[in-house]
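Student: After the structure tokens below, expect a handful of questions from me.
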Amino acid sequence: MSATTEAAIPAEAEPPRRPGTLSRLVREPAAAFALVLVTIVIGAAVLAPILAPTDPYDNDLAQAMAVPGVPGLPLGADAQGRNMITRLLYGLRITLLMGLASVVLGGGIGALVGFAAAFYRRIDGILMRLMDVMLSFPAILFGLALAAIFGPGIPAVVLALSVATVPLMARIVRGSALAVMGLDYIEAARATGMSDRRIILRHVAPNCLSSIFVFATLRFGQVILLGSALSFLGLGAQPPTPELGAMASDGRNFLFFAPHIAVIPCVAIFAVVLAFNVLGDALRDALDPRLRV
Amino acid sequence: MGRHAAQRLLLAIPVLFGVVLVGFLLMQVVPNDPALVRAGPSATPDVIAAIRADLGLDRPLHEQFGLYLWRLLQGDLGVSIINNVPVVQELGATVGPTLELMFASLIWSIPIGIVLGTAGAYWRGRIADRVITALAVAGGSIPVFFLGLVLIWYVGFKLQLLPFTGRAGPLWTWEGLKAIALPALTLGGTFIGPVARMTRTAVLDVLGVEHVRTARAKGLGEFRVVTRHALRNALIPVVTLIGLQIGFLLGGAVVTETVFSWPGVGRLAVGAILSADFPMAQGTIIVLSLGFILINLTVDVLYAALDPRMRAA
């Protein structure tokens with residue numbers, strides 16, 4: 001489960017590098033709350049197989065649409081009689097993994113493009129025009145097009161969200177890399193005969209990390225919102241996969257008899273996105289005030 | 001201004017090409033042979049070959065691309081696999097309702113967002129600002145379908161106040177208004193937060209500027225200072241930023257249309273993709289992209305035309 005632990009990096013591994021960030025973050029009540037919520041959500045997603053009382057696909061039709069609070073089912077059961085707590089835990093796991101994959105893939109490629117554009121000025125123009133072209137499309141259109149080409153499913157959604165993330169990350173990284181490269185010590189590193197790769201890896205990239213983390217945190221919330229919307233439309237995770245958007249879509253059919261089936265995953269998405277947005281805003285204020293919009 | 005607009009127009013060319021190319025590729029990866037699908041299960045090989053020739057499927061790829069471009073220019077987007085209706089005809093019927101929904105959502109959410117954002121900037125750091133900012137962040141984090149389902153459940157089902165499926169008529173009729181109320185509340189509701197946030201930032205920038213200080217110094221009332229001198233100058237960036245949020249709005253519209261069975265392009269697109277109706281999916285994606293590019297271009301040019309500072313640059 002190493003992939004999921006990476007999501008914790010912006011929140012938890014950041015402070016040791018710059019002491020004081022965490023304490024500044026915690027002083028803001030909303031940010032402290034968001035940090036706690038993010039930690040709980042990530043913990044729940046990672047530990048889902050241990051915490052969940054049942055298998056996510058186990059159903060008991062006798063319990064179908066059981067309302068929250070029934071003995072043994074604190075959050076009730078869905079229309080197939082599957083325990084909602086289990087579905088929620090696995091739903092968080094799959095939704096977060098979907099978001100993480102998109103941010104890591106799209107953000108990684110975007111960062112590479114950004115560094116390349118900042119470092120090799122000859123290809124800067126063409127790279128950034130390409131990014132402008134990609135920015136011309138909203139994520140929903142990538143989602144529709146890729147679902148049409150590859151067929152609905154999680155891979156199509158992850159690909160669409162990654163593609164939509166690349167140009168945004170490229171712009172941020174290029175901007176902050178350019179600012180760093182204007183500084184004297186880069187000139188000094190060049191003068192000592194360091195290779196380009198070494199300069200980028202040792203001197204430019206570490207100084208862009210805070211911008212990258214801030215943006216990745218904010219983007220994570222947006223990606224989850226978009227990804228769950230695509231799943232809700234039926235273009236992403238397919239039932240019976242426990243993914244929060246797909247669960248909400250399933251619950252929509254029983255809205256008038258058993259609203260909890262739709263409401264629980266909806267609230268979960270809302271809470272996760274809100275927590276990442278608040279945390280991202282606070283991280284930005286604490287680490288990188290330049291990014292403030 | 002001319003240069004800026006020309007630059008944007010120039011950028012639109014590769015973007016347009018990209019859209020057209022993706023549309024073409026979409027038809028290339030179709031798992032089933034379009035000629036077979038068009039001909040039906042009982043067709044003889046002769047008929048299939050004739051259709052293949054008619055569709056240009058027997059020619060090399062670059063010729064097919066040329067043919068596709070030529071048909072596109074003539075407004076021929078093919079025929080739905082599912083019901084044999086021309087794609088253009090279905091699109092013609094759905095573009096109106098989508099624009100209607102966007103209009104009905106923006107008409108109330110933009111003013112509210114601007115008022116909230118201005119109030120937040122004016123009372124910067126005070127309780128009012130914090131509450132408004134918190135609401136804006138929360139509003140930007142809520143899934144569109146959550147808001148829609150809550151409204152359907154409470155207003156539509158519990159209170160039985162408003163209908164929540166489909167369109168009942170044009171906006172100027174009472175029935176039409178009632179039918180669009182919940183979809184417009186849903187889509188507009190998710191748009192208030194971003195508008196308020198952007199307005200707050202723009203007004204904050206302007207409030208510190210000298211002419212606002214001058215207006216205060218000459219004894220103008222606070223309301224007049226904020227509305228006439230600060231907000232008015234902040235409106236240009238706000239208009240642009242709202243224009244750039246059209247993509248966000250489009251995503252929300254697709255979801256809203258699906259939740260409320262609103263007969264728009266978004267719902268048509270999702271339905272076509274789910275039923276593997278490739279010509280229809282291709283047509284809807286091309287039209288949505290073109291519409292989006294057109295709106296962005298208009299906003300860009302308007303921005304240049306509105307802002308005298310851009311003209312000088």
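Each chain in the structure tokens gets a letter, A, B and so on, in the order shown; residues start at 1 in every chain, and ligands are counted from 1 in the order they appear.
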Select all residues from chain B having any atom no more than 7 Å from an atom of chain A (counting only C-alpha atoms, ignoring ligands), output as a PyMOL selection string.

Tutor: chain B and resi 15+26+29+138+141-143+146+153+247-248+251+255+273+281+285

Student: Please dump the current selection as a CSV table (one decimal), in the first residue's frame; keep C-alpha atoms.

Tutor:
chain,number,residue,atom,x,y,z
B,15,VAL,CA,-7.0,23.7,-30.6
B,26,LEU,CA,-12.8,8.2,-31.9
B,29,VAL,CA,-11.0,2.9,-32.5
B,138,ALA,CA,-17.5,24.8,1.1
B,141,SER,CA,-16.1,21.4,-2.5
B,142,ILE,CA,-19.7,20.2,-2.8
B,143,PRO,CA,-20.3,17.6,-5.5
B,146,PHE,CA,-25.1,16.0,-4.0
B,153,TRP,CA,-35.3,14.8,-2.1
B,247,GLY,CA,-15.3,24.8,-18.3
B,248,PHE,CA,-16.2,24.2,-14.6
B,251,GLY,CA,-18.8,20.0,-16.2
B,255,VAL,CA,-23.9,16.3,-14.2
B,273,ILE,CA,-21.1,7.1,-24.6
B,281,ALA,CA,-20.7,10.6,-28.9
B,285,ILE,CA,-18.0,16.0,-28.0

Student: Could you give me, as a list in words, the residues within 12 Å of Gln245 in chain B, counting only C-alpha atoms and dropping anything in the same chain fewer than 4 positions from it?

Tutor: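 Skipping anything fewer than 4 positions along the chain leaves Leu135, Ser136, Phe137, Pro138 and Ala139 of chain A; Leu106, Ile110, Thr190, Phe191, Ile192, Gly193, Pro194, Val195, Met198, Val238, Val239, Thr240, Leu241, Leu249, Leu250, Gly251, Gly252, Phe292, Ile295, Asn296 and Val299 of chain B.
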
Student: Can you write out the residues you just picked, keeping C-alpha atoms, as a tab-separated table (two decimals), in the first residue's frame?

Tutor:
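Here's the written file selection.tsv:
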chain	number	residue	atom	x	y	z
A	135	LEU	CA	-5.63	24.05	-21.02
A	136	SER	CA	-8.19	25.03	-23.62
A	137	PHE	CA	-10.25	22.01	-22.70
A	138	PRO	CA	-12.10	21.51	-19.46
A	139	ALA	CA	-11.49	18.22	-17.64
B	106	LEU	CA	-25.74	32.27	-14.10
B	110	ILE	CA	-23.22	35.69	-10.54
B	190	THR	CA	-21.97	25.43	-7.14
B	191	PHE	CA	-20.96	28.55	-9.07
B	192	ILE	CA	-21.49	31.13	-6.30
B	193	GLY	CA	-18.38	30.07	-4.39
B	194	PRO	CA	-15.88	30.53	-7.25
B	195	VAL	CA	-17.46	33.85	-8.27
B	198	MET	CA	-12.62	35.78	-7.52
B	238	VAL	CA	-14.12	39.34	-12.56
B	239	VAL	CA	-15.82	39.05	-15.95
B	240	THR	CA	-12.72	37.42	-17.42
B	241	LEU	CA	-12.33	35.02	-14.55
B	249	LEU	CA	-19.75	25.26	-15.46
B	250	LEU	CA	-19.84	22.87	-18.40
B	251	GLY	CA	-18.80	19.96	-16.19
B	252	GLY	CA	-21.49	20.90	-13.70
B	292	PHE	CA	-16.32	25.94	-25.27
B	295	ILE	CA	-16.95	31.12	-25.47
B	296	ASN	CA	-13.30	31.33	-24.39
B	299	VAL	CA	-14.27	36.27	-23.40

Student: Excluding range 78-91 of chain A and residues on its chain fewer than 2 positions from it, collect all residues at most 8 Å away from it, counting only C-alpha atoms, and give them as a ChimeraX atom specification.

Tutor: /A:44-45,48-49,51-66,73-76,93-95,242-244,247,251,254,261,264-265,268

Student: List as a CSV table (one decimal) with C-alpha atoms, in the first residue's frame the protein and nucleic acid residues near Phe223 in chain B, meaning an atom at most 12 Å away when only C-alpha atoms are counted, but skip any in the same chain fewer than 5 places from it.

Tutor:
chain,number,residue,atom,x,y,z
B,118,THR,CA,-17.4,42.5,-2.5
B,119,ALA,CA,-18.7,42.3,1.1
B,122,TYR,CA,-14.8,45.3,2.3
B,212,VAL,CA,-10.3,54.9,-4.1
B,215,ALA,CA,-12.8,59.1,-3.5
B,216,ARG,CA,-12.8,58.6,0.3
B,228,ARG,CA,-18.8,53.1,-8.0
B,229,HIS,CA,-15.0,53.2,-7.6
B,230,ALA,CA,-13.8,49.8,-6.3
B,231,LEU,CA,-16.3,47.2,-7.7

Student: Pick from B:Pro163, B:Gly78, B:Gly120, B:Pro279: nearest to Thr201 in chain B, with only C-alpha atoms counted?

Tutor: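 Of the candidates, the smallest distance to Thr201 in chain B is held by B:Gly120.
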
Student: Please report, as a PyMOL selection string, each residue of range 80-277 of chain B to which DSSP assigns helix (DSSP H, G or I) when run on this structure's backbone.

Tutor: chain B and resi 87-122+127-141+144-158+174-207+210-217+222-244+246-259+265-274

Student: Skip Thr298 in chain B itself and residues of its chain fewer than 2 positions away, then list as a list in words all residues within 12 Å of it, counting only C-alpha atoms.

Tutor: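 The residues satisfying every condition are Ala5, Arg8, Leu9, Ala12, Val239, Thr240, Gly243, Leu244, Ile246, Gly291, Phe292, Ile293, Leu294, Ile295, Asn296, Asp300, Val301, Leu302, Tyr303, Ala304, Ala305 and Leu306 of chain B.
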
Student: Output C-alpha atoms for every residue in that selection, as a PDB file, in the first residue's frame.

Tutor:
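Just written: out.pdb:
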ATOM      1  CA  ALA B   5      -7.109  38.995 -30.044  1.00  0.00           C
ATOM      2  CA  ARG B   8      -5.837  34.075 -29.194  1.00  0.00           C
ATOM      3  CA  LEU B   9      -7.328  33.423 -32.614  1.00  0.00           C
ATOM      4  CA  ALA B  12      -7.545  28.528 -31.516  1.00  0.00           C
ATOM      5  CA  VAL B 239     -15.821  39.053 -15.950  1.00  0.00           C
ATOM      6  CA  THR B 240     -12.721  37.421 -17.420  1.00  0.00           C
ATOM      7  CA  GLY B 243     -15.499  33.473 -18.499  1.00  0.00           C
ATOM      8  CA  LEU B 244     -12.585  31.172 -17.735  1.00  0.00           C
ATOM      9  CA  ILE B 246     -17.070  28.174 -18.180  1.00  0.00           C
ATOM     10  CA  GLY B 291     -18.892  25.801 -28.023  1.00  0.00           C
ATOM     11  CA  PHE B 292     -16.319  25.940 -25.268  1.00  0.00           C
ATOM     12  CA  ILE B 293     -13.589  27.290 -27.571  1.00  0.00           C
ATOM     13  CA  LEU B 294     -15.991  29.897 -28.949  1.00  0.00           C
ATOM     14  CA  ILE B 295     -16.947  31.119 -25.469  1.00  0.00           C
ATOM     15  CA  ASN B 296     -13.302  31.332 -24.390  1.00  0.00           C
ATOM     16  CA  ASP B 300     -10.686  36.939 -24.471  1.00  0.00           C
ATOM     17  CA  VAL B 301     -11.670  39.424 -27.141  1.00  0.00           C
ATOM     18  CA  LEU B 302     -14.255  41.089 -24.879  1.00  0.00           C
ATOM     19  CA  TYR B 303     -11.640  41.457 -22.181  1.00  0.00           C
ATOM     20  CA  ALA B 304      -9.293  43.197 -24.575  1.00  0.00           C
ATOM     21  CA  ALA B 305     -12.102  45.427 -25.804  1.00  0.00           C
ATOM     22  CA  LEU B 306     -13.366  46.320 -22.329  1.00  0.00           C
TER      23      LEU B 306
END

Student: Give me the residues of range 81-117 of chain B that have any atom at most 10 Å from an atom of range 38-59 of chain B; for each, the nearest atom pair and the distance in Å, rounded to one decimal. Use only C-alpha atoms, sort by chain and number, and format it as a tab-separated table.

Tutor:
residue	atom	partner	partner_atom	distance
B:Ile81	CA	B:Arg38	CA	6.9
B:Ile82	CA	B:Arg38	CA	9.8
B:Asn84	CA	B:Arg38	CA	8.6

Student: Measure the distance from CA of Phe115 in chain A to CA of Leu287 in chain A in Å and round it to one decimal.

Tutor: 20.2 Å

Student: Using only C-alpha atoms, which of A:Val46, A:Val41, A:Ala177, A:Ala216 sits nearest Gly108 in chain A?

Tutor: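 Nearest candidate to Gly108 in chain A out of A:Val46, A:Val41, A:Ala177, A:Ala216: A:Ala216.
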
Student: With distances taken over only C-alpha atoms, which residue among A:Ala32, A:Leu96, A:Ile154, A:Ile50 lies nearest Ala237 in chain A?

Tutor: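 Of A:Ala32, A:Leu96, A:Ile154, A:Ile50, the one nearest Ala237 in chain A, counting only C-alpha atoms, is A:Ile154.
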
Student: How many Å lie between CA of Leu100 in chain A and CA of Phe220 in chain A, rounded to one decimal?

Tutor: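 Atom-to-atom, CA of Leu100 in chain A to CA of Phe220 in chain A, that is 7.0 Å.
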
Student: From the options A:Ser162, A:Ala117, A:Gly106, A:Asp285, which residue's atoms come nearest to Gly175 in chain A, counting only C-alpha atoms?

Tutor: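 Of all the options, A:Ala117 lies closest to Gly175 in chain A.
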
Student: Determine, counting only C-alpha atoms, which protein, DNA and RNA residues have an atom within 9 Å of an atom of Leu151 in chain B; residues of the same chain fewer than 4 positions away are not included. Present the result as a tab-separated table (two decimals) with C-alpha atoms, in the first residue's frame.

Tutor:
chain	number	residue	atom	x	y	z
B	146	PHE	CA	-25.05	15.98	-3.97
B	147	LEU	CA	-26.70	19.40	-4.17
B	155	VAL	CA	-37.98	20.37	-2.38
B	156	GLY	CA	-39.24	17.93	-4.99
B	157	PHE	CA	-40.17	14.88	-2.96
B	164	PHE	CA	-37.50	17.57	-10.84
B	182	LEU	CA	-34.22	23.08	-9.31
B	183	PRO	CA	-31.63	22.38	-12.03
B	185	LEU	CA	-30.47	26.21	-8.31
B	186	THR	CA	-28.17	23.19	-8.40

Student: So, counting only C-alpha atoms, which residue among B:Val259, B:Leu297, B:Ala234, B:Leu288 is closest to Val19 in chain B?

Tutor: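 Distance minimum relative to Val19 in chain B lands on B:Leu288.
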
Student: Run DSSP on the backbone and give me the residues of range 21-266 of chain A it puts in strand (DSSP E or B), as an mmCIF file with C-alpha atoms, in the first residue's frame.

Tutor:
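Below is the file out.cif, written as the result:
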data_model
loop_
_atom_site.group_PDB
_atom_site.id
_atom_site.type_symbol
_atom_site.label_atom_id
_atom_site.label_comp_id
_atom_site.auth_asym_id
_atom_site.auth_seq_id
_atom_site.Cartn_x
_atom_site.Cartn_y
_atom_site.Cartn_z
ATOM 1 C CA VAL A 70 -30.107 -1.024 12.868
ATOM 2 C CA LEU A 73 -25.347 -1.779 10.779
ATOM 3 C CA ALA A 77 -27.143 -1.236 4.202
ATOM 4 C CA ASN A 83 -22.944 -3.067 4.841
#

Student: Give me, as a list in words, all polymer residues having an atom no more than 9 Å from Val113 in chain A, counting only C-alpha atoms and skipping those fewer than 5 positions away in the same chain.

Tutor: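 The residues that qualify are Gly108, Ala118, Leu127, Met128, Val166, Pro167, Met169, Ala170, Arg171, Val173 and Arg174 of chain A.
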
Student: Could you write those residues out with N, CA and C atoms, as a compact mmCIF listing (two decimals), in the first residue's frame?

Tutor:
# COMPACT_ATOMS: atom_id res chain seq x y z
N GLY A 108 3.33 14.49 -12.18
CA GLY A 108 4.71 14.09 -12.48
C GLY A 108 5.10 14.52 -13.89
N ALA A 118 11.53 25.48 -18.30
CA ALA A 118 12.28 26.52 -17.60
C ALA A 118 13.77 26.41 -17.90
N LEU A 127 6.67 24.04 -25.89
CA LEU A 127 6.07 23.28 -24.79
C LEU A 127 4.90 24.03 -24.18
N MET A 128 5.10 25.32 -23.93
CA MET A 128 4.05 26.05 -23.24
C MET A 128 2.84 26.30 -24.15
N VAL A 166 -1.78 17.84 -16.19
CA VAL A 166 -0.44 18.11 -16.75
C VAL A 166 -0.19 19.62 -17.00
N PRO A 167 -1.04 20.30 -17.76
CA PRO A 167 -0.69 21.70 -18.08
C PRO A 167 -0.70 22.60 -16.86
N MET A 169 0.11 21.78 -13.69
CA MET A 169 1.35 21.56 -12.95
C MET A 169 2.54 22.13 -13.73
N ALA A 170 2.52 21.96 -15.05
CA ALA A 170 3.64 22.45 -15.86
C ALA A 170 3.80 23.96 -15.68
N ARG A 171 2.70 24.68 -15.68
CA ARG A 171 2.76 26.14 -15.53
C ARG A 171 3.33 26.53 -14.17
N VAL A 173 5.20 24.73 -12.08
CA VAL A 173 6.60 24.34 -11.91
C VAL A 173 7.51 25.24 -12.75
N ARG A 174 7.08 25.53 -13.98
CA ARG A 174 7.90 26.40 -14.82
C ARG A 174 8.09 27.75 -14.14

Student: Using only C-alpha atoms, find the one residue out of B:Ala121, B:Leu274, B:Leu25, B:Ile242 that sits nearest to Gly153 in chain A.

Tutor: B:Leu274
